[in-house]
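Visitor: Coordinates in query-v2.tsv, TSV, C-alpha atoms, are listed below.
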```tsv
chain	number	residue	atom	x	y	z
J	7	MET	CA	0.00	0.00	0.00
J	8	LYS	CA	2.82	2.30	0.95
J	9	ILE	CA	4.54	1.38	-2.31
J	10	MET	CA	1.45	2.12	-4.37
J	11	SER	CA	1.26	5.66	-3.05
J	12	GLN	CA	4.79	6.50	-4.23
J	13	GLN	CA	5.80	7.68	-7.68
J	14	ALA	CA	8.26	5.36	-9.39
J	15	PHE	CA	11.85	6.67	-9.41
J	16	GLN	CA	11.91	6.47	-13.22
J	17	ASP	CA	8.89	8.75	-13.54
J	18	LEU	CA	10.79	11.56	-11.82
J	19	TRP	CA	13.98	11.72	-13.91
J	20	PRO	CA	14.59	14.44	-16.55
J	21	GLU	CA	13.34	13.84	-20.09
J	22	GLN	CA	16.80	13.05	-21.54
J	23	TYR	CA	17.08	10.11	-19.12
J	24	SER	CA	13.64	8.74	-19.94
J	25	HIS	CA	14.46	6.69	-23.05
J	26	CYS	CA	16.47	3.82	-21.55
J	27	PHE	CA	15.59	0.39	-22.97
J	28	GLY	CA	15.42	-1.05	-19.47
J	29	CYS	CA	13.82	1.70	-17.44
J	30	GLY	CA	12.84	4.70	-19.57
J	31	ARG	CA	9.22	5.75	-19.15
J	32	ASN	CA	9.28	7.16	-22.70
J	33	ASN	CA	10.74	4.09	-24.42
J	34	LYS	CA	7.58	2.40	-25.67
J	35	LEU	CA	9.57	-0.59	-26.92
J	36	GLY	CA	11.54	-0.94	-23.69
J	37	LEU	CA	11.00	-2.89	-20.47
J	38	GLN	CA	9.77	0.22	-18.59
J	39	ILE	CA	10.63	-1.11	-15.14
J	40	LYS	CA	9.43	0.86	-12.12
J	41	SER	CA	11.40	1.03	-8.86
J	42	PHE	CA	10.12	2.09	-5.44
J	43	TRP	CA	11.36	2.34	-1.87
J	44	ASP	CA	10.14	-0.45	0.40
J	45	GLY	CA	11.63	0.46	3.76
J	46	ASP	CA	15.42	0.43	3.41
J	47	GLU	CA	15.21	-1.72	0.29
J	48	THR	CA	13.98	-0.94	-3.19
J	49	ILE	CA	11.53	-3.13	-5.05
J	50	CYS	CA	10.62	-3.62	-8.70
J	51	THR	CA	7.92	-5.95	-10.01
J	52	TRP	CA	8.03	-6.63	-13.74
J	53	THR	CA	5.85	-8.87	-15.88
J	54	PRO	CA	7.63	-10.79	-18.65
J	55	SER	CA	6.25	-11.52	-22.10
J	56	GLU	CA	7.16	-14.10	-24.73
J	57	ILE	CA	9.43	-11.64	-26.56
J	58	TYR	CA	11.89	-11.91	-23.68
J	59	GLU	CA	12.11	-15.68	-23.52
J	60	ALA	CA	15.40	-17.59	-23.74
J	61	GLY	CA	13.45	-20.68	-24.80
J	62	LEU	CA	11.31	-23.38	-23.17
J	63	GLY	CA	9.38	-20.81	-21.11
J	64	VAL	CA	12.52	-19.47	-19.40
J	65	LEU	CA	13.23	-15.74	-19.20
J	66	CYS	CA	16.34	-14.68	-21.18
J	67	GLY	CA	19.38	-14.26	-18.89
J	68	GLY	CA	20.31	-10.99	-20.57
J	69	ILE	CA	16.89	-9.59	-19.71
J	70	VAL	CA	17.42	-10.64	-16.08
J	71	SER	CA	20.70	-8.73	-16.06
J	72	THR	CA	19.02	-5.73	-17.71
J	73	LEU	CA	16.36	-5.69	-14.97
J	74	ILE	CA	19.07	-5.94	-12.30
J	75	ASP	CA	21.34	-3.31	-13.85
J	76	CYS	CA	18.55	-0.76	-14.30
J	77	HIS	CA	16.91	-1.40	-10.91
J	78	CYS	CA	20.29	-1.10	-9.14
J	79	VAL	CA	21.38	2.05	-10.97
J	80	ASN	CA	18.01	3.63	-10.18
J	81	THR	CA	18.45	2.54	-6.56
J	82	ALA	CA	21.86	4.24	-6.45
J	83	ILE	CA	20.39	7.50	-7.76
J	84	ALA	CA	17.47	7.38	-5.30
J	85	ALA	CA	19.81	6.55	-2.40
J	86	LEU	CA	22.08	9.49	-3.15
J	87	TYR	CA	19.08	11.85	-3.31
J	88	LYS	CA	17.97	10.45	0.05
J	89	SER	CA	21.42	10.83	1.62
J	90	GLU	CA	21.48	14.47	0.49
J	91	GLY	CA	18.03	15.03	1.97
J	92	ARG	CA	16.74	16.12	-1.43
J	93	GLU	CA	13.43	15.43	-3.10
J	94	LEU	CA	13.70	12.64	-5.71
J	95	GLY	CA	14.30	14.05	-9.18
J	96	SER	CA	14.98	17.62	-8.00
J	97	LYS	CA	17.70	19.55	-9.86
J	98	PRO	CA	20.55	18.99	-10.35
J	99	PHE	CA	19.81	15.40	-11.41
J	100	ILE	CA	22.29	12.74	-10.27
J	101	PRO	CA	23.18	10.61	-13.30
J	102	PHE	CA	24.58	7.19	-12.38
J	103	ALA	CA	25.48	4.39	-14.80
J	104	GLY	CA	26.36	0.72	-14.34
J	105	GLY	CA	30.11	0.30	-13.73
J	106	SER	CA	30.10	-3.44	-13.22
J	107	ILE	CA	27.72	-6.31	-12.61
J	108	ASN	CA	28.51	-9.63	-11.00
J	109	MET	CA	25.51	-11.89	-11.18
J	110	ARG	CA	24.65	-15.52	-10.65
J	111	HIS	CA	21.67	-17.36	-12.11
J	112	MET	CA	20.54	-19.97	-9.58
J	113	LYS	CA	17.26	-21.18	-11.10
J	114	PRO	CA	15.42	-20.65	-14.38
J	115	ILE	CA	12.84	-17.84	-14.21
J	116	SER	CA	9.45	-18.52	-15.78
J	117	ILE	CA	8.10	-15.99	-18.31
J	118	LYS	CA	4.62	-16.78	-16.97
J	119	LYS	CA	4.99	-15.08	-13.56
J	120	PRO	CA	5.90	-11.57	-12.46
J	121	VAL	CA	9.55	-11.14	-11.53
J	122	VAL	CA	10.35	-9.29	-8.29
J	123	LEU	CA	13.68	-7.57	-7.67
J	124	ARG	CA	14.79	-6.38	-4.24
J	125	ALA	CA	17.89	-4.23	-3.92
J	126	LYS	CA	19.86	-2.91	-0.97
J	127	VAL	CA	22.58	-0.28	-0.76
J	128	ILE	CA	25.81	-1.86	0.52
J	129	GLU	CA	27.99	1.23	0.17
J	130	LEU	CA	27.24	4.76	-0.93
J	131	LYS	CA	29.76	7.44	-1.76
J	132	ASP	CA	29.46	10.66	-3.70
J	133	ARG	CA	30.58	9.10	-7.00
J	134	LYS	CA	30.06	5.37	-6.46
J	135	ALA	CA	27.48	3.00	-5.00
J	136	ILE	CA	27.55	-0.73	-4.39
J	137	ILE	CA	24.12	-2.32	-4.61
J	138	ALA	CA	23.11	-5.93	-3.87
J	139	CYS	CA	20.09	-7.35	-5.66
J	140	LYS	CA	18.00	-10.51	-5.44
J	141	VAL	CA	15.58	-11.69	-8.12
J	142	PHE	CA	12.50	-13.74	-7.22
J	143	SER	CA	9.94	-15.68	-9.22
J	144	GLY	CA	7.10	-16.33	-6.81
J	145	LYS	CA	8.85	-17.00	-3.51
J	146	THR	CA	11.91	-18.58	-5.12
J	147	GLU	CA	15.17	-16.66	-5.24
J	148	CYS	CA	16.39	-17.29	-8.80
J	149	ALA	CA	19.29	-14.89	-9.29
J	150	LYS	CA	21.45	-12.53	-7.30
J	151	ALA	CA	23.94	-9.83	-8.18
J	152	GLU	CA	26.18	-7.07	-6.99
J	153	VAL	CA	26.23	-3.93	-9.10
J	154	ILE	CA	28.66	-1.06	-8.86
J	155	ALA	CA	27.07	2.15	-10.08
J	156	ILE	CA	29.28	5.10	-10.97
J	157	LYS	CA	28.31	8.75	-11.28
J	158	ALA	CA	28.28	9.19	-15.04
J	159	PRO	CA	29.74	12.19	-16.81
J	160	GLU	CA	28.11	12.90	-20.16
J	161	PRO	CA	29.90	10.88	-22.85
J	162	THR	CA	32.45	13.00	-24.67
J	163	TRP	CA	30.81	12.50	-28.06
J	164	ILE	CA	27.73	14.44	-26.87
J	165	LYS	CA	27.56	18.14	-27.93
W	7	MET	CA	36.01	-13.71	-45.71
W	8	LYS	CA	36.42	-16.95	-43.85
W	9	ILE	CA	33.74	-15.76	-41.42
W	10	MET	CA	31.31	-14.88	-44.18
W	11	SER	CA	31.44	-18.40	-45.57
W	12	GLN	CA	30.35	-19.96	-42.24
W	13	GLN	CA	26.81	-20.38	-41.05
W	14	ALA	CA	26.12	-18.58	-37.79
W	15	PHE	CA	25.97	-20.88	-34.74
W	16	GLN	CA	22.43	-19.67	-33.98
W	17	ASP	CA	21.19	-20.70	-37.42
W	18	LEU	CA	22.07	-24.33	-36.68
W	19	TRP	CA	20.30	-24.91	-33.36
W	20	PRO	CA	17.00	-26.81	-33.07
W	21	GLU	CA	13.74	-24.90	-33.48
W	22	GLN	CA	12.89	-24.88	-29.75
W	23	TYR	CA	16.12	-22.98	-29.08
W	24	SER	CA	15.51	-20.41	-31.82
W	25	HIS	CA	13.28	-17.96	-29.95
W	26	CYS	CA	15.77	-16.40	-27.50
W	27	PHE	CA	15.44	-12.61	-27.14
W	28	GLY	CA	19.20	-12.24	-27.50
W	29	CYS	CA	20.13	-14.78	-30.13
W	30	GLY	CA	17.08	-16.59	-31.50
W	31	ARG	CA	16.86	-16.52	-35.30
W	32	ASN	CA	13.06	-16.85	-35.02
W	33	ASN	CA	12.51	-14.04	-32.49
W	34	LYS	CA	11.63	-11.17	-34.82
W	35	LEU	CA	11.54	-8.72	-31.88
W	36	GLY	CA	14.86	-9.93	-30.48
W	37	LEU	CA	18.47	-8.88	-31.01
W	38	GLN	CA	19.17	-11.83	-33.37
W	39	ILE	CA	22.93	-11.86	-32.77
W	40	LYS	CA	25.07	-14.10	-34.98
W	41	SER	CA	28.24	-15.78	-33.71
W	42	PHE	CA	31.05	-17.29	-35.79
W	43	TRP	CA	34.44	-18.90	-35.30
W	44	ASP	CA	37.37	-16.61	-36.08
W	45	GLY	CA	40.38	-18.84	-35.50
W	46	ASP	CA	40.36	-19.90	-31.85
W	47	GLU	CA	38.06	-17.02	-30.91
W	48	THR	CA	34.43	-16.38	-31.70
W	49	ILE	CA	33.16	-13.11	-33.09
W	50	CYS	CA	29.80	-11.37	-33.20
W	51	THR	CA	29.08	-8.03	-34.87
W	52	TRP	CA	25.78	-6.41	-33.94
W	53	THR	CA	24.30	-3.11	-35.02
W	54	PRO	CA	22.41	-1.16	-32.31
W	55	SER	CA	19.28	0.89	-32.83
W	56	GLU	CA	17.69	3.68	-30.80
W	57	ILE	CA	15.36	1.24	-29.03
W	58	TYR	CA	18.36	-0.09	-27.12
W	59	GLU	CA	19.71	3.22	-25.90
W	60	ALA	CA	20.38	3.98	-22.22
W	61	GLY	CA	20.19	7.69	-23.03
W	62	LEU	CA	22.41	10.35	-24.60
W	63	GLY	CA	23.39	8.06	-27.48
W	64	VAL	CA	24.84	5.39	-25.17
W	65	LEU	CA	23.92	1.71	-25.56
W	66	CYS	CA	21.96	0.31	-22.57
W	67	GLY	CA	24.22	-1.65	-20.22
W	68	GLY	CA	21.68	-4.45	-19.95
W	69	ILE	CA	21.78	-4.88	-23.72
W	70	VAL	CA	25.58	-5.09	-23.55
W	71	SER	CA	25.26	-7.88	-20.97
W	72	THR	CA	22.62	-9.60	-23.12
W	73	LEU	CA	24.98	-9.56	-26.12
W	74	ILE	CA	27.80	-10.92	-23.93
W	75	ASP	CA	25.68	-13.60	-22.25
W	76	CYS	CA	24.23	-14.92	-25.50
W	77	HIS	CA	27.50	-14.76	-27.47
W	78	CYS	CA	29.36	-16.57	-24.66
W	79	VAL	CA	26.71	-19.27	-24.19
W	80	ASN	CA	26.68	-19.86	-27.94
W	81	THR	CA	30.49	-20.01	-27.85
W	82	ALA	CA	30.34	-22.67	-25.11
W	83	ILE	CA	27.96	-24.79	-27.18
W	84	ALA	CA	30.08	-24.46	-30.33
W	85	ALA	CA	33.27	-25.23	-28.39
W	86	LEU	CA	31.82	-28.42	-26.92
W	87	TYR	CA	30.69	-29.56	-30.37
W	88	LYS	CA	34.22	-28.87	-31.63
W	89	SER	CA	35.85	-30.75	-28.74
W	90	GLU	CA	33.63	-33.75	-29.48
W	91	GLY	CA	34.58	-33.60	-33.17
W	92	ARG	CA	30.92	-33.23	-34.09
W	93	GLU	CA	29.29	-31.10	-36.74
W	94	LEU	CA	27.72	-27.93	-35.27
W	95	GLY	CA	24.04	-28.42	-34.50
W	96	SER	CA	24.09	-32.20	-35.03
W	97	LYS	CA	21.95	-34.29	-32.69
W	98	PRO	CA	21.88	-34.55	-29.75
W	99	PHE	CA	21.95	-30.77	-29.27
W	100	ILE	CA	24.07	-29.45	-26.39
W	101	PRO	CA	21.95	-26.95	-24.45
W	102	PHE	CA	24.00	-24.55	-22.34
W	103	ALA	CA	22.67	-21.62	-20.30
W	104	GLY	CA	24.36	-18.71	-18.53
W	105	GLY	CA	25.35	-19.67	-14.98
W	106	SER	CA	27.03	-16.42	-14.05
W	107	ILE	CA	28.32	-13.24	-15.60
W	108	ASN	CA	30.94	-10.92	-14.22
W	109	MET	CA	31.26	-7.85	-16.40
W	110	ARG	CA	32.84	-4.44	-16.30
W	111	HIS	CA	31.80	-1.43	-18.35
W	112	MET	CA	34.93	0.59	-19.13
W	113	LYS	CA	33.61	3.14	-21.63
W	114	PRO	CA	30.20	4.14	-22.96
W	115	ILE	CA	29.26	2.37	-26.21
W	116	SER	CA	27.72	4.49	-28.96
W	117	ILE	CA	24.45	3.32	-30.50
W	118	LYS	CA	25.67	4.76	-33.80
W	119	LYS	CA	28.39	2.16	-34.51
W	120	PRO	CA	28.38	-1.61	-34.80
W	121	VAL	CA	29.42	-3.41	-31.64
W	122	VAL	CA	31.96	-6.23	-31.94
W	123	LEU	CA	32.26	-9.03	-29.37
W	124	ARG	CA	35.23	-11.40	-29.24
W	125	ALA	CA	35.09	-14.43	-26.97
W	126	LYS	CA	37.62	-17.06	-25.98
W	127	VAL	CA	37.21	-20.36	-24.17
W	128	ILE	CA	39.18	-20.30	-20.90
W	129	GLU	CA	38.05	-23.70	-19.62
W	130	LEU	CA	35.81	-26.37	-21.12
W	131	LYS	CA	34.38	-29.36	-19.32
W	132	ASP	CA	31.51	-31.66	-20.16
W	133	ARG	CA	28.98	-29.68	-18.13
W	134	LYS	CA	30.62	-26.26	-17.68
W	135	ALA	CA	32.54	-23.71	-19.71
W	136	ILE	CA	34.31	-20.51	-18.72
W	137	ILE	CA	34.33	-17.93	-21.49
W	138	ALA	CA	36.10	-14.54	-21.57
W	139	CYS	CA	34.60	-11.81	-23.73
W	140	LYS	CA	35.63	-8.33	-24.86
W	141	VAL	CA	33.29	-5.77	-26.36
W	142	PHE	CA	34.55	-3.18	-28.86
W	143	SER	CA	33.07	-0.06	-30.39
W	144	GLY	CA	35.32	0.77	-33.33
W	145	LYS	CA	38.81	-0.08	-32.06
W	146	THR	CA	38.02	0.82	-28.44
W	147	GLU	CA	37.56	-1.93	-25.87
W	148	CYS	CA	34.50	-0.74	-23.94
W	149	ALA	CA	33.49	-3.70	-21.77
W	150	LYS	CA	34.80	-7.07	-20.73
W	151	ALA	CA	33.32	-10.07	-18.97
W	152	GLU	CA	33.74	-13.61	-17.81
W	153	VAL	CA	30.76	-15.90	-18.28
W	154	ILE	CA	30.28	-19.35	-16.80
W	155	ALA	CA	27.98	-21.40	-18.99
W	156	ILE	CA	26.38	-24.53	-17.56
W	157	LYS	CA	24.86	-27.44	-19.42
W	158	ALA	CA	21.17	-26.80	-18.93
W	159	PRO	CA	18.67	-29.50	-18.08
W	160	GLU	CA	15.13	-28.71	-19.25
W	161	PRO	CA	13.37	-26.69	-16.53
W	162	THR	CA	11.19	-28.91	-14.39
W	163	TRP	CA	8.02	-27.00	-15.23
W	164	ILE	CA	8.29	-28.11	-18.89
W	165	LYS	CA	6.15	-31.15	-19.92
```
Would you mind writing the structure in this file as structure tokens?
Guide:
Amino acid sequence: MKIMSQQAFQDLWPEQYSHCFGCGRNNKLGLQIKSFWDGDETICTWTPSEIYEAGLGVLCGGIVSTLIDCHCVNTAIAALYKSEGRELGSKPFIPFAGGSINMRHMKPISIKKPVVLRAKVIELKDRKAIIACKVFSGKTECAKAEVIAIKAPEPTWIK
Amino acid sequence: MKIMSQQAFQDLWPEQYSHCFGCGRNNKLGLQIKSFWDGDETICTWTPSEIYEAGLGVLCGGIVSTLIDCHCVNTAIAALYKSEGRELGSKPFIPFAGGSINMRHMKPISIKKPVVLRAKVIELKDRKAIIACKVFSGKTECAKAEVIAIKAPEPTWIK
């Protein structure tokens, strides 16, 4: 209930950060994941479709890592806003990007059930965050990962 | 030239393994990557589109890990066929799946240039392979990863 009353992190970011394949609210062909605070953790519930299958009813591993990467990077941004006591999405925006991902698939994830990701901040600095994430299908933990998110300067080819 | 004369690994797998979001030849909404032998390495060249952007002209990190995961798993399958002296795709098929991925993003990857992945088998056993992969945009190495691929039994919910 508490979760439902929040706005998703991704709905609060500036327009130029709203086109990500994994989490952009304005990418109509993307996964459009939505992340929320749930106490000290963040949560994301995402419903697969057949497009994202690996085969035999199993969700594609690359899609699992996309969900993790985007949910964790969004968690890092939200956590830094929180640590600065600032309203989510207020200016200046805090752009983080995935620096590394270390993930393990433990069990196949069905495309027929919603996937739930829970992430926790392990370490938070001004320019770097370490986030741990677990992926569930029903009550079964199917994958886990550690993501390092890095504050991202604009790529040099922009402008 | 040698590469062009080969059939892609993914074009030789059985129909039920041809729908993967990352590498399935029959998934019209997927990435449809194609992997080939290039000496002792395998190579995959894939052309991004705006759908797969993270933002600001940068390729989504989750898509990079999808390319890596699928190219490495396909490399594991092809390497086991080779080690058994069998023709690629001959029966029985050798189904591998990603067991873990440990990847590092070093530089942003432009969506405006083809992405090239090169993978190498580090260790190959009957039920497990360790594959190292580098991702290039132009001549720049932008990401690298180690993938453990595991021979995959059919998930128990099938049948």
Visitor: So which residues touch Lys97 in chain J within 12 Å, counting only C-alpha atoms, skipping near sequence neighbours fewer than 4 positions away, as number ranges by chain?
Guide: J: 18-20, 87, 92-93, 101
Visitor: Tell me the residues of chain W close to chain J, meaning within 7 Å using all atoms listed in the file, as a ChimeraX atom specification.
Guide: /W:22-23,25-27,35-36,57-62,66-69,71-72,75,104-111,114,161
Visitor: Do you have the CA of Leu123 in chain J-CA of Leu86 in chain J distance handy?
Guide: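 Going from CA of Leu123 in chain J over to CA of Leu86 in chain J, I get 19.5 Å.
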Visitor: For CA of Cys148 in chain J and CA of Val79 in chain W, determine how far apart the two atoms are, in Å to one decimal place.
Guide: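 These two atoms are separated by 18.6 Å.
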Visitor: Quick one: distance from CA of Val122 in chain W to CA of Ala135 in chain W in Å, one decimal?
Guide: 21.3 Å
Visitor: Taking the point (26.1, -20.7, -30.4) as given in the file, collect each protein or nucleic acid residue that comes within 6 Å of it, counting all atoms listed in the file, and present the set as a ChimeraX atom specification.
Guide: /W:15-16,80-81,83-84
Visitor: With distances taken over all atoms listed in the file, which residue among W:Ile136, W:Ile117, W:Ile100, W:Val127 lies nearest Trp43 in chain W?
Guide: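 With all atoms listed in the file as the atom set, the closest residue is W:Val127.
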Visitor: Would you place a box with edges along x, y and z of the file around all atoms of range 117-123 of chain W listed there, add 6 Å to each of its six sides, and report the centre and edge lengths in Å to one decimal, as JSON?
Guide:
```
{"center_x": 28.4, "center_y": -2.1, "center_z": -32.1, "size_x": 19.8, "size_y": 25.8, "size_z": 17.4}
```
Visitor: So, with all atoms listed in the file as the atoms that count, which of W:His77, W:Phe102, W:Asp46, W:Gly144 lies closest to Ile128 in chain W?
Guide: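 Nearest to Ile128 in chain W: W:Asp46.
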Visitor: List as a list in words the protein and nucleic acid residues near Trp52 in chain J, meaning an atom at most 7 Å away when all atoms listed in the file are counted, but skip any in the same chain fewer than 4 places from it.
Guide: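 My reading of the contact set: Ile39, Pro120, Val121 and Val122 of chain J.
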Visitor: Need to verify the contact set: Lys126 in chain W, 6 Å, all atoms listed in the file, exclusion of same-chain residues closer than 4 positions in sequence. Can you return it as a list in words?
Guide: Glu47, Ile137 and Ala138 of chain W
Visitor: So, counting only C-alpha atoms, which residue among J:Arg133, J:Arg124, J:Asp17, J:Lys118 is closest to Thr48 in chain J?
Guide: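 Closest candidate: J:Arg124.
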